[in-house]
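**Q** This structure is in C-alpha cells; I'll ask about it shortly.
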Amino acid sequence: MTRHIFVTGGVVSSLGKGLTSASIGMLLERRGLTVRMQKLDPYINVDPGTMSPYQHGEVYVLDDGSETDLDLGHYERFTTGKLNRDSNYTTGQIYQTVINKERRGEYLGRTVQVVPHITDEIKASIRRLASPDVDVVITELGGTVGDIEGLPFLEAIRQIPLDIGKQNCLFIHLTLVPYLKAAGEAKTKPTQHSVQQLRTIGIQPDILVCRTERPIGTEHTDKIALFCNVEKRAVIEEVDKEFSIYEVPMGLVEHRLDELIIEKLGMEAGELDLEDYRELIHRIRNPRHEVTIAVVGKYIDHTDAYKSIYESLDHAGFAHSTRIIVKRVEAEDLERRGAAALLQGVDGILVPGGFGMRGIEGKIQAVQFARENNVPYFGICLGMQCAVIEFARNVMGLADANSSEFAGDTQHPVICLLEEQTGVENKGGTMRLGSQPCVLSEGSRAMAAYGTANVNERHRHRYEFNAQYREKFVHAGMNPVGTSPDGTLVEVMEVDDHPWYVAVQYHPEFKSQPNRPHPLFTGFIGAALLIRQNRPKQLVE
C-alpha cells in the first residue's frame, strides 16, 4: 500500500515546510522509492492565479496548465515525480466540488456538513495520488496549526490513519525554536504549545523538525522530546544554511531522517545515493567566478514574487561555478532615475513576467539600455513583450508602438490579445496555460542553447506578438526564431549583432533544476560571465 507522510507547521508561517517536504521527497527518491508530492492550501481562492504576488508570491504553472502554489516549484526542483492538478488543492476547490455535488443531488437530500462531507473530499484528494506504482505520497498542509481555516484539513488527515492503518501514515511537524539573544538561550515553549494544539485535534507527531538559527543541542531536543511525547531520535534539528537552500537535504541526512522515516513506515529501500549531489554542493560552496545580474521588475521588494527566476539564475551559476549577485531594480525607480544610474556595470539584465501598466516604461528603458550597450539581455513573457515594444519604438521608428493591454488606442499594437482570449470574462484559469510546443530556427542562439529544434515550455499569458508586424521586425533585425508548430504564434525573439539577446514568451524558469539548469539560463549566465571577464579590470572593481 502507498504510504502517506503529512507535513504540518507550527509557531509561525514561512518556516520552510515546502523546502523540508521537497528535501524529504528527494532523499526518499535517492533511496529508490517512487514519491509523489502534494500541497493543500487553506485559503478559499480556487487557485492562486488571481492572487497578488505581494500576498502569495509567484504563481507556479505545471505542464497541464494548473496554476499552483510556489511550493510546487520546490517539489519539482528537488524531486522527479510528475506533478499535475491533483498536486495542489485549496479550500476553494474542495468546497466548490462539494457544492457542485450537492447541486447535482449526489448527497440524496442529506445535510451537507464539514464533517464528513468536506473532510471526505479532502481525503479523496489526498488518496487520489496513491496508486500501486507510488511508494510514498508527501502531503504538505499550508498555514500554521491553530489557523481556523486549516481545521478541516487537519481533521481529514487525522482520519486517514483510521481508514488505511496507522502503520501506513507518518506525521512530521515543523516548528520554530527561537533563540532569545537577551536571555542567551533557545526557547522550546512555542514548540511545546504547537504540538499541544496538534494533539488536541487528535494528531500525535511522529517526528519533529525544529528550525533554528543556531544549534540547540541535546539539552533542548531531549526536553522537546519529553514534553511533546516524541522519541529523542525523532527530534530533528534543522539549522539555517549558510550558503544555499540546496544544503537542506544534507542537514537532514546528518540526522538520519531518511532512515527514520523508512523504519517508521516499515518500508524496504536501497542505499542512499548522493554522490552527484555532494559534488553539486561543493560547487555551490566554492564558486570560481561571480557575475551581477539586474532583475528589473515591479515586485522587487517581495522576493517570492520571482522565486523561480532567482532559483534558475542560481542553477545556471552552479553550472558555471559562478556566484550570482542579483541586483533587484524596481522598474518605477528606473523610470525616475534613468537606466544608466541603476544599470551601469551590471553583467546581464533580465526582465521577468508580470501584468499591468505600472513600471512598464522602466522595463522598456532597461531593454533599451541592454540593447544599446551590448549587455546580455534575457526577456521572459512580459520581458519579451517589452523588448518588442522597445525595438519597434527605437529601431523601427514606430514611436507610438505599444501593447493593446496598456494602450488600447495605440496606432501600432505590436503586442495584441490572443485570438482565443477574445470575449473571455473570468480571470481565473483562462489564460494560455501549460506546456506548449515550440519550433526553433537553425542557427539561432536559442537552438544552440537547447541543442534541439523542438522544445516544450510552460506558458501563462493573454497577449502575444502581433503577426502583422513580423516582416517589418525581421527587416529591422529582430528575428522570430521560435514559433508554434503551425508558425502562427511567435515564442522567441532574438536581435542580430548583439552578444546575447533572447526574449521568450514562455516561462523557462519553471523547468530548471539545480543539477539540470535550464539551457537558456545557462546560456545567459555564460554570456554575462564572458562580458565580465572581458571588461577592463578597473571597471570590474
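Letters A, B, ... mark the chains of the C-alpha cells in the order given; residue numbers begin at 1 per chain; ligand numbers begin at 1, in order shown.
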Can you pull out the residues contacting range 3-13 of chain A? Cut-off 6 Å, using only C-alpha atoms, and skip same-chain residues under 5 positions away; I want them as a ChimeraX atom specification.
**A** /A:136-141,144-145,168-175,194
**Q** Could you give me the residues within range 152-270 of chain A that DSSP places in strand (DSSP E), as number ranges by chain?
**A** A: 169-176, 179-180, 185-186, 207-212, 235-239
**Q** For range 372-376 of chain A, work out the shell of residues within 8 Å, counting only C-alpha atoms and skipping chain neighbours fewer than 5 positions away, then give it as a list in words.
**A**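 Contacts, in chain order: Val346, Asp347, Gly348, Ile349, His498, Pro499, Trp500, Tyr501, Phe524, Ala527, Ala528 and Ile531 of chain A.
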**Q** Identify, with DSSP run on backbone atoms, the residues in range 175-253 of chain A assigned to alpha helix (DSSP H), and express the list as a PDB file with C-alpha atoms, in the first residue's frame.
**A**
```pdb
ATOM      1  CA  LYS A 189       7.905  26.521  24.810  1.00  0.00           C
ATOM      2  CA  PRO A 190       6.496  27.648  21.391  1.00  0.00           C
ATOM      3  CA  THR A 191       7.180  24.164  20.020  1.00  0.00           C
ATOM      4  CA  GLN A 192       5.516  22.569  23.044  1.00  0.00           C
ATOM      5  CA  HIS A 193       2.386  24.685  22.580  1.00  0.00           C
ATOM      6  CA  SER A 194       2.281  23.965  18.840  1.00  0.00           C
ATOM      7  CA  VAL A 195       2.422  20.215  19.400  1.00  0.00           C
ATOM      8  CA  GLN A 196      -0.158  20.534  22.174  1.00  0.00           C
ATOM      9  CA  GLN A 197      -2.557  22.109  19.656  1.00  0.00           C
ATOM     10  CA  LEU A 198      -1.983  19.249  17.248  1.00  0.00           C
ATOM     11  CA  ARG A 199      -2.588  16.662  19.964  1.00  0.00           C
ATOM     12  CA  THR A 200      -5.803  18.448  20.971  1.00  0.00           C
ATOM     13  CA  ILE A 201      -7.023  17.889  17.408  1.00  0.00           C
ATOM     14  CA  GLY A 217      21.979  20.840  21.470  1.00  0.00           C
ATOM     15  CA  THR A 218      20.663  17.688  23.131  1.00  0.00           C
ATOM     16  CA  GLU A 219      19.599  19.548  26.274  1.00  0.00           C
ATOM     17  CA  HIS A 220      16.821  21.231  24.331  1.00  0.00           C
ATOM     18  CA  THR A 221      15.997  18.387  21.930  1.00  0.00           C
ATOM     19  CA  ASP A 222      15.644  15.973  24.860  1.00  0.00           C
ATOM     20  CA  LYS A 223      13.331  18.428  26.585  1.00  0.00           C
ATOM     21  CA  ILE A 224      11.224  18.794  23.431  1.00  0.00           C
ATOM     22  CA  ALA A 225      11.014  15.013  23.091  1.00  0.00           C
ATOM     23  CA  LEU A 226       9.835  14.614  26.694  1.00  0.00           C
ATOM     24  CA  PHE A 227       7.169  17.314  26.659  1.00  0.00           C
ATOM     25  CA  CYS A 228       5.947  16.547  23.134  1.00  0.00           C
ATOM     26  CA  VAL A 248      18.912  21.395   3.488  1.00  0.00           C
ATOM     27  CA  PRO A 249      18.770  17.712   2.409  1.00  0.00           C
ATOM     28  CA  MET A 250      22.359  17.204   3.589  1.00  0.00           C
ATOM     29  CA  GLY A 251      21.464  18.539   7.032  1.00  0.00           C
ATOM     30  CA  LEU A 252      18.553  16.105   7.264  1.00  0.00           C
ATOM     31  CA  VAL A 253      20.826  13.229   6.228  1.00  0.00           C
TER      32      VAL A 253
END
```
**Q** Residues at most 12 Å from Ala387 in chain A, counting only C-alpha atoms, excluding those fewer than 5 positions away in the same chain, as a ChimeraX atom specification?
**A** /A:349-353,360-371,377-382,392-395,401-403,414-415,465,473,478-479,492-495,501-505
**Q** Tell me which of A:Ala467, A:Leu417, A:Tyr95, A:Lys511 sits closest to Val455 in chain A, counting only C-alpha atoms.
**A** A:Lys511
**Q** Can you pull out the residues contacting range 114-130 of chain A? Cut-off 10 Å, using only C-alpha atoms, and skip same-chain residues under 2 positions away; I want them as a short mmCIF file (atom, residue, chain, number, x, y, z; two decimals) with all heavy atoms, in the first residue's frame.
**A**
```cif
data_model
loop_
_atom_site.label_atom_id
_atom_site.label_comp_id
_atom_site.auth_asym_id
_atom_site.auth_seq_id
_atom_site.Cartn_x
_atom_site.Cartn_y
_atom_site.Cartn_z
N MET A 1 0.84 -1.20 0.00
CA MET A 1 0.00 0.00 0.00
C MET A 1 0.87 1.25 0.00
O MET A 1 1.92 1.29 0.64
CB MET A 1 -0.92 0.01 1.23
CG MET A 1 -1.77 1.27 1.36
SD MET A 1 -2.90 1.24 2.75
CE MET A 1 -4.14 0.11 2.14
N THR A 2 0.43 2.26 -0.71
CA THR A 2 1.11 3.56 -0.70
C THR A 2 1.13 4.12 0.71
O THR A 2 0.11 4.16 1.39
CB THR A 2 0.41 4.54 -1.64
OG1 THR A 2 0.42 4.04 -2.97
CG2 THR A 2 1.10 5.90 -1.62
N ARG A 3 2.31 4.56 1.15
CA ARG A 3 2.42 5.21 2.46
C ARG A 3 2.17 6.71 2.30
O ARG A 3 2.42 7.28 1.24
CB ARG A 3 3.80 4.99 3.04
CG ARG A 3 4.11 3.73 3.79
CD ARG A 3 3.48 2.48 3.39
NE ARG A 3 4.07 1.36 4.12
CZ ARG A 3 4.35 0.19 3.58
NH1 ARG A 3 4.09 -0.03 2.29
NH2 ARG A 3 4.86 -0.79 4.30
N HIS A 4 1.72 7.33 3.39
CA HIS A 4 1.44 8.77 3.38
C HIS A 4 2.25 9.47 4.47
O HIS A 4 2.27 9.02 5.63
CB HIS A 4 -0.04 9.04 3.60
CG HIS A 4 -0.91 8.68 2.43
ND1 HIS A 4 -1.24 9.59 1.45
CD2 HIS A 4 -1.47 7.51 2.05
CE1 HIS A 4 -1.99 8.99 0.53
NE2 HIS A 4 -2.15 7.73 0.87
N VAL A 35 8.03 8.68 -5.36
CA VAL A 35 7.42 9.68 -4.48
C VAL A 35 6.52 10.60 -5.29
O VAL A 35 6.86 11.00 -6.41
CB VAL A 35 8.51 10.51 -3.76
CG1 VAL A 35 7.88 11.61 -2.91
CG2 VAL A 35 9.40 9.60 -2.91
N ARG A 36 5.38 10.94 -4.73
CA ARG A 36 4.52 12.00 -5.28
C ARG A 36 4.35 13.07 -4.21
O ARG A 36 4.23 12.76 -3.02
CB ARG A 36 3.15 11.44 -5.68
CG ARG A 36 3.19 10.46 -6.83
CD ARG A 36 3.51 11.11 -8.17
NE ARG A 36 2.53 12.10 -8.55
CZ ARG A 36 1.39 11.83 -9.18
NH1 ARG A 36 1.09 10.58 -9.49
NH2 ARG A 36 0.57 12.79 -9.52
N MET A 37 4.30 14.33 -4.65
CA MET A 37 4.22 15.47 -3.74
C MET A 37 2.88 16.19 -3.90
O MET A 37 2.31 16.23 -5.00
CB MET A 37 5.36 16.46 -4.01
CG MET A 37 6.76 15.86 -3.97
SD MET A 37 7.34 15.47 -2.33
CE MET A 37 7.30 17.07 -1.53
N GLN A 38 2.43 16.80 -2.80
CA GLN A 38 1.12 17.48 -2.83
C GLN A 38 1.11 18.61 -1.81
O GLN A 38 1.68 18.50 -0.73
CB GLN A 38 0.02 16.47 -2.51
CG GLN A 38 -1.40 17.03 -2.57
CD GLN A 38 -2.43 16.00 -2.17
OE1 GLN A 38 -2.36 15.44 -1.07
NE2 GLN A 38 -3.38 15.72 -3.05
N LYS A 39 0.43 19.71 -2.16
CA LYS A 39 0.26 20.85 -1.25
C LYS A 39 -1.23 21.11 -1.06
O LYS A 39 -1.99 21.21 -2.04
CB LYS A 39 0.94 22.09 -1.82
CG LYS A 39 0.73 23.39 -1.03
CD LYS A 39 1.54 23.40 0.24
CE LYS A 39 1.34 24.69 1.04
NZ LYS A 39 1.95 25.87 0.39
N LEU A 40 -1.67 21.24 0.19
CA LEU A 40 -3.05 21.61 0.50
C LEU A 40 -3.03 23.01 1.09
O LEU A 40 -2.37 23.25 2.10
CB LEU A 40 -3.67 20.62 1.49
CG LEU A 40 -3.71 19.15 1.06
CD1 LEU A 40 -4.33 18.30 2.16
CD2 LEU A 40 -4.47 18.98 -0.24
N LEU A 83 4.10 16.23 -11.37
CA LEU A 83 3.06 16.98 -10.69
C LEU A 83 1.95 17.32 -11.68
O LEU A 83 2.20 17.58 -12.85
CB LEU A 83 3.62 18.27 -10.09
CG LEU A 83 4.78 18.13 -9.10
CD1 LEU A 83 5.19 19.51 -8.58
CD2 LEU A 83 4.41 17.22 -7.94
N ASN A 84 0.71 17.36 -11.17
CA ASN A 84 -0.42 17.76 -12.00
C ASN A 84 -1.45 18.45 -11.13
O ASN A 84 -1.18 18.77 -9.95
CB ASN A 84 -1.02 16.55 -12.74
CG ASN A 84 -1.44 15.44 -11.80
OD1 ASN A 84 -1.82 15.68 -10.66
ND2 ASN A 84 -1.36 14.21 -12.26
N ASP A 86 -3.79 17.44 -9.44
CA ASP A 86 -4.06 16.76 -8.17
C ASP A 86 -2.98 17.03 -7.13
O ASP A 86 -3.09 16.56 -5.99
CB ASP A 86 -4.17 15.25 -8.39
CG ASP A 86 -5.43 14.86 -9.15
OD1 ASP A 86 -6.45 15.57 -9.00
OD2 ASP A 86 -5.39 13.87 -9.91
N SER A 87 -1.96 17.77 -7.51
CA SER A 87 -0.85 18.05 -6.59
C SER A 87 -1.07 19.31 -5.77
O SER A 87 -0.25 19.62 -4.90
CB SER A 87 0.46 18.18 -7.38
OG SER A 87 0.72 17.02 -8.14
N ASN A 88 -2.14 20.03 -6.01
CA ASN A 88 -2.40 21.26 -5.25
C ASN A 88 -3.91 21.48 -5.13
O ASN A 88 -4.61 21.60 -6.15
CB ASN A 88 -1.74 22.45 -5.95
CG ASN A 88 -1.73 23.72 -5.10
OD1 ASN A 88 -1.57 24.83 -5.61
ND2 ASN A 88 -1.87 23.61 -3.80
N TYR A 89 -4.40 21.48 -3.92
CA TYR A 89 -5.81 21.74 -3.66
C TYR A 89 -5.95 22.88 -2.66
O TYR A 89 -5.15 23.00 -1.73
CB TYR A 89 -6.52 20.50 -3.10
CG TYR A 89 -6.82 19.44 -4.12
CD1 TYR A 89 -5.93 18.39 -4.35
CD2 TYR A 89 -7.98 19.49 -4.89
CE1 TYR A 89 -6.20 17.42 -5.29
CE2 TYR A 89 -8.26 18.51 -5.84
CZ TYR A 89 -7.36 17.49 -6.04
OH TYR A 89 -7.63 16.53 -6.98
N THR A 90 -6.98 23.69 -2.86
CA THR A 90 -7.29 24.77 -1.94
C THR A 90 -8.66 24.52 -1.31
O THR A 90 -9.45 23.70 -1.80
CB THR A 90 -7.32 26.12 -2.65
OG1 THR A 90 -8.47 26.16 -3.53
CG2 THR A 90 -6.07 26.36 -3.48
N THR A 91 -8.94 25.25 -0.23
CA THR A 91 -10.28 25.19 0.37
C THR A 91 -11.33 25.52 -0.68
O THR A 91 -12.39 24.90 -0.73
CB THR A 91 -10.38 26.16 1.55
OG1 THR A 91 -9.52 25.71 2.60
CG2 THR A 91 -11.79 26.24 2.09
N GLN A 93 -11.30 25.00 -3.93
CA GLN A 93 -11.54 23.87 -4.82
C GLN A 93 -12.37 22.78 -4.12
O GLN A 93 -13.27 22.20 -4.71
CB GLN A 93 -10.21 23.28 -5.28
CG GLN A 93 -9.47 24.15 -6.28
CD GLN A 93 -8.08 23.61 -6.56
OE1 GLN A 93 -7.26 23.49 -5.66
NE2 GLN A 93 -7.81 23.29 -7.81
N ILE A 94 -12.03 22.50 -2.86
CA ILE A 94 -12.74 21.46 -2.11
C ILE A 94 -14.21 21.82 -1.95
O ILE A 94 -15.10 21.02 -2.25
CB ILE A 94 -12.08 21.24 -0.74
CG1 ILE A 94 -10.64 20.74 -0.89
CG2 ILE A 94 -12.92 20.28 0.10
CD1 ILE A 94 -10.50 19.39 -1.53
N TYR A 95 -14.47 23.04 -1.50
CA TYR A 95 -15.86 23.47 -1.29
C TYR A 95 -16.62 23.54 -2.61
O TYR A 95 -17.80 23.19 -2.68
CB TYR A 95 -15.90 24.82 -0.56
CG TYR A 95 -15.90 24.69 0.94
CD1 TYR A 95 -14.72 24.47 1.63
CD2 TYR A 95 -17.08 24.77 1.67
CE1 TYR A 95 -14.70 24.34 3.01
CE2 TYR A 95 -17.08 24.64 3.05
CZ TYR A 95 -15.88 24.42 3.72
OH TYR A 95 -15.89 24.28 5.08
N THR A 97 -16.18 21.71 -5.23
CA THR A 97 -16.52 20.34 -5.62
C THR A 97 -17.71 19.82 -4.82
O THR A 97 -18.64 19.22 -5.37
CB THR A 97 -15.31 19.42 -5.42
OG1 THR A 97 -14.23 19.89 -6.22
CG2 THR A 97 -15.65 17.99 -5.81
N VAL A 98 -17.70 20.05 -3.51
CA VAL A 98 -18.79 19.56 -2.66
C VAL A 98 -20.11 20.26 -3.00
O VAL A 98 -21.17 19.62 -3.10
CB VAL A 98 -18.43 19.76 -1.17
CG1 VAL A 98 -19.64 19.50 -0.28
CG2 VAL A 98 -17.27 18.85 -0.79
N ILE A 99 -20.05 21.57 -3.22
CA ILE A 99 -21.27 22.31 -3.56
C ILE A 99 -21.83 21.85 -4.90
O ILE A 99 -23.04 21.70 -5.07
CB ILE A 99 -20.98 23.83 -3.55
CG1 ILE A 99 -20.75 24.30 -2.11
CG2 ILE A 99 -22.14 24.60 -4.18
CD1 ILE A 99 -20.23 25.72 -2.00
N TYR A 107 -25.90 13.99 -2.84
CA TYR A 107 -25.98 13.66 -1.42
C TYR A 107 -27.38 13.19 -1.01
O TYR A 107 -27.65 12.98 0.18
CB TYR A 107 -25.54 14.85 -0.57
CG TYR A 107 -24.09 15.21 -0.79
CD1 TYR A 107 -23.74 16.44 -1.38
CD2 TYR A 107 -23.06 14.34 -0.44
CE1 TYR A 107 -22.41 16.77 -1.60
CE2 TYR A 107 -21.74 14.66 -0.66
CZ TYR A 107 -21.41 15.88 -1.24
OH TYR A 107 -20.10 16.20 -1.46
N THR A 111 -28.10 16.52 4.87
CA THR A 111 -27.47 17.78 5.26
C THR A 111 -25.98 17.70 4.96
O THR A 111 -25.30 16.77 5.43
CB THR A 111 -27.69 18.06 6.75
OG1 THR A 111 -29.09 18.10 7.02
CG2 THR A 111 -27.04 19.37 7.16
N VAL A 112 -25.47 18.66 4.21
CA VAL A 112 -24.05 18.66 3.85
C VAL A 112 -23.27 19.41 4.93
O VAL A 112 -23.58 20.56 5.25
CB VAL A 112 -23.83 19.31 2.47
CG1 VAL A 112 -22.35 19.31 2.11
CG2 VAL A 112 -24.63 18.57 1.40
N PRO A 132 -0.64 1.76 -7.18
CA PRO A 132 0.31 0.66 -6.98
C PRO A 132 1.75 1.01 -7.32
O PRO A 132 2.68 0.40 -6.79
CB PRO A 132 -0.23 -0.43 -7.91
CG PRO A 132 -1.69 -0.14 -8.03
CD PRO A 132 -1.80 1.35 -8.01
N ASP A 133 1.96 1.99 -8.21
CA ASP A 133 3.33 2.33 -8.61
C ASP A 133 3.90 3.50 -7.81
O ASP A 133 4.98 4.00 -8.14
CB ASP A 133 3.38 2.64 -10.11
CG ASP A 133 2.50 3.83 -10.48
OD1 ASP A 133 1.60 4.17 -9.69
OD2 ASP A 133 2.72 4.40 -11.56
N VAL A 134 3.19 3.95 -6.76
CA VAL A 134 3.68 5.04 -5.91
C VAL A 134 3.96 4.50 -4.52
O VAL A 134 3.08 3.92 -3.88
CB VAL A 134 2.65 6.19 -5.84
CG1 VAL A 134 3.10 7.25 -4.84
CG2 VAL A 134 2.44 6.81 -7.22
N ASP A 135 5.19 4.67 -4.05
CA ASP A 135 5.56 4.19 -2.72
C ASP A 135 5.12 5.14 -1.61
O ASP A 135 4.61 4.70 -0.58
CB ASP A 135 7.08 3.99 -2.64
CG ASP A 135 7.57 2.91 -3.59
OD1 ASP A 135 6.97 1.82 -3.59
OD2 ASP A 135 8.54 3.17 -4.33
N VAL A 136 5.34 6.44 -1.84
CA VAL A 136 5.08 7.43 -0.79
C VAL A 136 4.42 8.67 -1.39
O VAL A 136 4.88 9.18 -2.42
CB VAL A 136 6.38 7.85 -0.07
CG1 VAL A 136 6.07 8.86 1.03
CG2 VAL A 136 7.10 6.65 0.51
N VAL A 137 3.37 9.15 -0.73
CA VAL A 137 2.77 10.45 -1.05
C VAL A 137 3.09 11.39 0.11
O VAL A 137 2.78 11.08 1.27
CB VAL A 137 1.25 10.35 -1.23
CG1 VAL A 137 0.65 11.76 -1.38
CG2 VAL A 137 0.91 9.51 -2.45
N ILE A 138 3.74 12.50 -0.19
CA ILE A 138 4.05 13.51 0.82
C ILE A 138 3.08 14.67 0.64
O ILE A 138 3.06 15.31 -0.42
CB ILE A 138 5.51 13.99 0.70
CG1 ILE A 138 6.47 12.82 0.85
CG2 ILE A 138 5.81 15.07 1.74
CD1 ILE A 138 7.93 13.19 0.63
N THR A 139 2.28 14.92 1.66
CA THR A 139 1.27 15.99 1.60
C THR A 139 1.64 17.07 2.61
O THR A 139 1.72 16.81 3.82
CB THR A 139 -0.13 15.44 1.92
OG1 THR A 139 -0.47 14.44 0.95
CG2 THR A 139 -1.17 16.55 1.87
N LEU A 151 -8.47 23.90 9.95
CA LEU A 151 -9.04 22.82 10.77
C LEU A 151 -9.63 21.66 9.96
O LEU A 151 -9.41 20.50 10.30
CB LEU A 151 -10.08 23.39 11.74
CG LEU A 151 -9.52 24.23 12.89
CD1 LEU A 151 -10.65 24.85 13.71
CD2 LEU A 151 -8.62 23.38 13.78
N PRO A 152 -10.39 21.92 8.87
CA PRO A 152 -10.91 20.78 8.10
C PRO A 152 -9.81 19.89 7.53
O PRO A 152 -9.97 18.66 7.47
CB PRO A 152 -11.73 21.45 6.99
CG PRO A 152 -12.09 22.79 7.53
CD PRO A 152 -10.92 23.20 8.36
N PHE A 153 -8.70 20.48 7.12
CA PHE A 153 -7.60 19.69 6.58
C PHE A 153 -6.94 18.84 7.66
O PHE A 153 -6.61 17.68 7.44
CB PHE A 153 -6.56 20.60 5.92
CG PHE A 153 -7.05 21.28 4.66
CD1 PHE A 153 -7.55 22.56 4.69
CD2 PHE A 153 -7.01 20.60 3.46
CE1 PHE A 153 -8.02 23.17 3.53
CE2 PHE A 153 -7.46 21.20 2.29
CZ PHE A 153 -7.97 22.48 2.33
N LEU A 154 -6.76 19.43 8.85
CA LEU A 154 -6.18 18.67 9.95
C LEU A 154 -7.10 17.53 10.37
O LEU A 154 -6.65 16.42 10.67
CB LEU A 154 -5.90 19.60 11.13
CG LEU A 154 -4.76 20.61 10.92
CD1 LEU A 154 -4.76 21.65 12.03
CD2 LEU A 154 -3.42 19.90 10.86
N GLU A 155 -8.40 17.80 10.40
CA GLU A 155 -9.35 16.74 10.74
C GLU A 155 -9.32 15.63 9.70
O GLU A 155 -9.39 14.43 10.03
CB GLU A 155 -10.76 17.33 10.84
CG GLU A 155 -11.89 16.31 10.99
CD GLU A 155 -11.76 15.44 12.24
OE1 GLU A 155 -11.07 15.84 13.19
OE2 GLU A 155 -12.38 14.36 12.25
N ALA A 156 -9.16 15.99 8.43
CA ALA A 156 -9.11 14.98 7.38
C ALA A 156 -7.88 14.08 7.52
O ALA A 156 -7.98 12.86 7.41
CB ALA A 156 -9.12 15.65 6.01
N ILE A 157 -6.72 14.68 7.77
CA ILE A 157 -5.52 13.84 7.88
C ILE A 157 -5.52 13.06 9.18
O ILE A 157 -4.88 12.00 9.28
CB ILE A 157 -4.22 14.65 7.71
CG1 ILE A 157 -4.01 15.64 8.86
CG2 ILE A 157 -4.21 15.37 6.37
CD1 ILE A 157 -2.63 16.29 8.85
N ARG A 158 -6.24 13.54 10.20
CA ARG A 158 -6.40 12.75 11.42
C ARG A 158 -7.15 11.46 11.13
O ARG A 158 -6.85 10.39 11.70
CB ARG A 158 -7.15 13.56 12.49
CG ARG A 158 -7.35 12.80 13.81
CD ARG A 158 -8.39 13.45 14.69
NE ARG A 158 -9.75 13.31 14.15
CZ ARG A 158 -10.49 12.20 14.28
NH1 ARG A 158 -10.01 11.13 14.89
NH2 ARG A 158 -11.71 12.16 13.77
N GLN A 159 -8.12 11.54 10.22
CA GLN A 159 -8.95 10.38 9.94
C GLN A 159 -8.27 9.34 9.04
O GLN A 159 -8.61 8.15 9.09
CB GLN A 159 -10.25 10.83 9.25
CG GLN A 159 -11.16 11.69 10.11
CD GLN A 159 -12.38 12.17 9.33
OE1 GLN A 159 -12.71 11.63 8.27
NE2 GLN A 159 -13.04 13.20 9.83
N ILE A 160 -7.32 9.77 8.20
CA ILE A 160 -6.74 8.86 7.21
C ILE A 160 -6.10 7.62 7.84
O ILE A 160 -6.27 6.50 7.34
CB ILE A 160 -5.78 9.62 6.28
CG1 ILE A 160 -6.59 10.48 5.30
CG2 ILE A 160 -4.87 8.66 5.51
CD1 ILE A 160 -5.77 11.23 4.28
N ASP A 163 -8.55 5.04 8.32
CA ASP A 163 -9.04 4.43 7.08
C ASP A 163 -8.06 3.40 6.52
O ASP A 163 -8.48 2.35 6.01
CB ASP A 163 -9.30 5.50 6.02
CG ASP A 163 -10.39 6.48 6.43
OD1 ASP A 163 -11.21 6.13 7.30
OD2 ASP A 163 -10.41 7.60 5.89
#
```
**Q** What's around Arg532 in chain A at 10 Å? Count only C-alpha atoms, leave out sequence neighbours fewer than 6 positions away in its own chain, and write the answer as a list in words.
**A** His289, Glu290, Val291, Thr292, Gly345, Val346, Asp347, Gly348, Gly526, Leu539 and Val540 of chain A
**Q** May I have the residues within 10 Å of Phe243 in chain A as a list in words, using only C-alpha atoms and disregarding those fewer than 6 positions away in the same chain?
**A**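 Counting only C-alpha atoms, the residues come to Ile281, Ile284, Arg285 and Asn286 of chain A.
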**Q** Please dump the current selection as a PDB file, in the first residue's frame; keep N, CA and C atoms.
**A**
```pdb
ATOM      1  N   ILE A 281      26.885  20.403  -4.228  1.00  0.00           N
ATOM      2  CA  ILE A 281      27.049  21.241  -3.039  1.00  0.00           C
ATOM      3  C   ILE A 281      28.462  21.814  -2.973  1.00  0.00           C
ATOM      4  N   ILE A 284      28.562  24.714  -5.254  1.00  0.00           N
ATOM      5  CA  ILE A 284      27.814  25.838  -4.685  1.00  0.00           C
ATOM      6  C   ILE A 284      28.658  26.572  -3.647  1.00  0.00           C
ATOM      7  N   ARG A 285      29.362  25.808  -2.837  1.00  0.00           N
ATOM      8  CA  ARG A 285      30.149  26.411  -1.751  1.00  0.00           C
ATOM      9  C   ARG A 285      31.465  27.016  -2.237  1.00  0.00           C
ATOM     10  N   ASN A 286      31.926  26.612  -3.413  1.00  0.00           N
ATOM     11  CA  ASN A 286      33.245  27.053  -3.885  1.00  0.00           C
ATOM     12  C   ASN A 286      33.182  27.612  -5.303  1.00  0.00           C
TER      13      ASN A 286
END
```
**Q** Name the closest residue to Pro517 in chain A among the candidates A:Thr483, A:Ser308, A:Asn454, A:Asn426; distances are taken between atoms, counting only C-alpha atoms.
**A**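 Going through A:Thr483, A:Ser308, A:Asn454, A:Asn426 one by one, the smallest distance to Pro517 in chain A is for A:Ser308.
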**Q** Quick check, in Å to one decimal: how far apart do CA of Leu313 in chain A and CA of His518 in chain A lie?
**A**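 So the two atoms, CA of Leu313 in chain A and CA of His518 in chain A, lie 9.1 Å apart.
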**Q** In Å, rounded to a single decimal, give me how far CA of Ile245 in chain A is from CA of Arg30 in chain A.
**A** 17.9 Å
**Q** Find, counting only C-alpha atoms, the residue in A:Val481, A:Leu520, A:Ala294, A:Ile300 that gets nearest to Ile324 in chain A.
**A**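 Using only C-alpha atoms, the shortest distance to Ile324 in chain A belongs to A:Ala294.
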**Q** In Å, rounded to a single decimal, give me how far CA of Leu72 in chain A is from CA of Leu27 in chain A.
**A**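 According to the coordinates, CA of Leu27 in chain A and CA of Leu72 in chain A are separated by 16.8 Å.
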**Q** My list of candidates is A:Met396, A:Glu231, A:Gln533, A:Pro480. Which is closest to Leu260 in chain A when distances are computed with only C-alpha atoms?
**A** A:Glu231
**Q** Go through A:Met26, A:Val329, A:Leu489, A:Ala407 and flag the residue nearest Gly356 in chain A, using only C-alpha atoms for the distances.
**A**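 The closest residue to Gly356 in chain A is A:Ala407.
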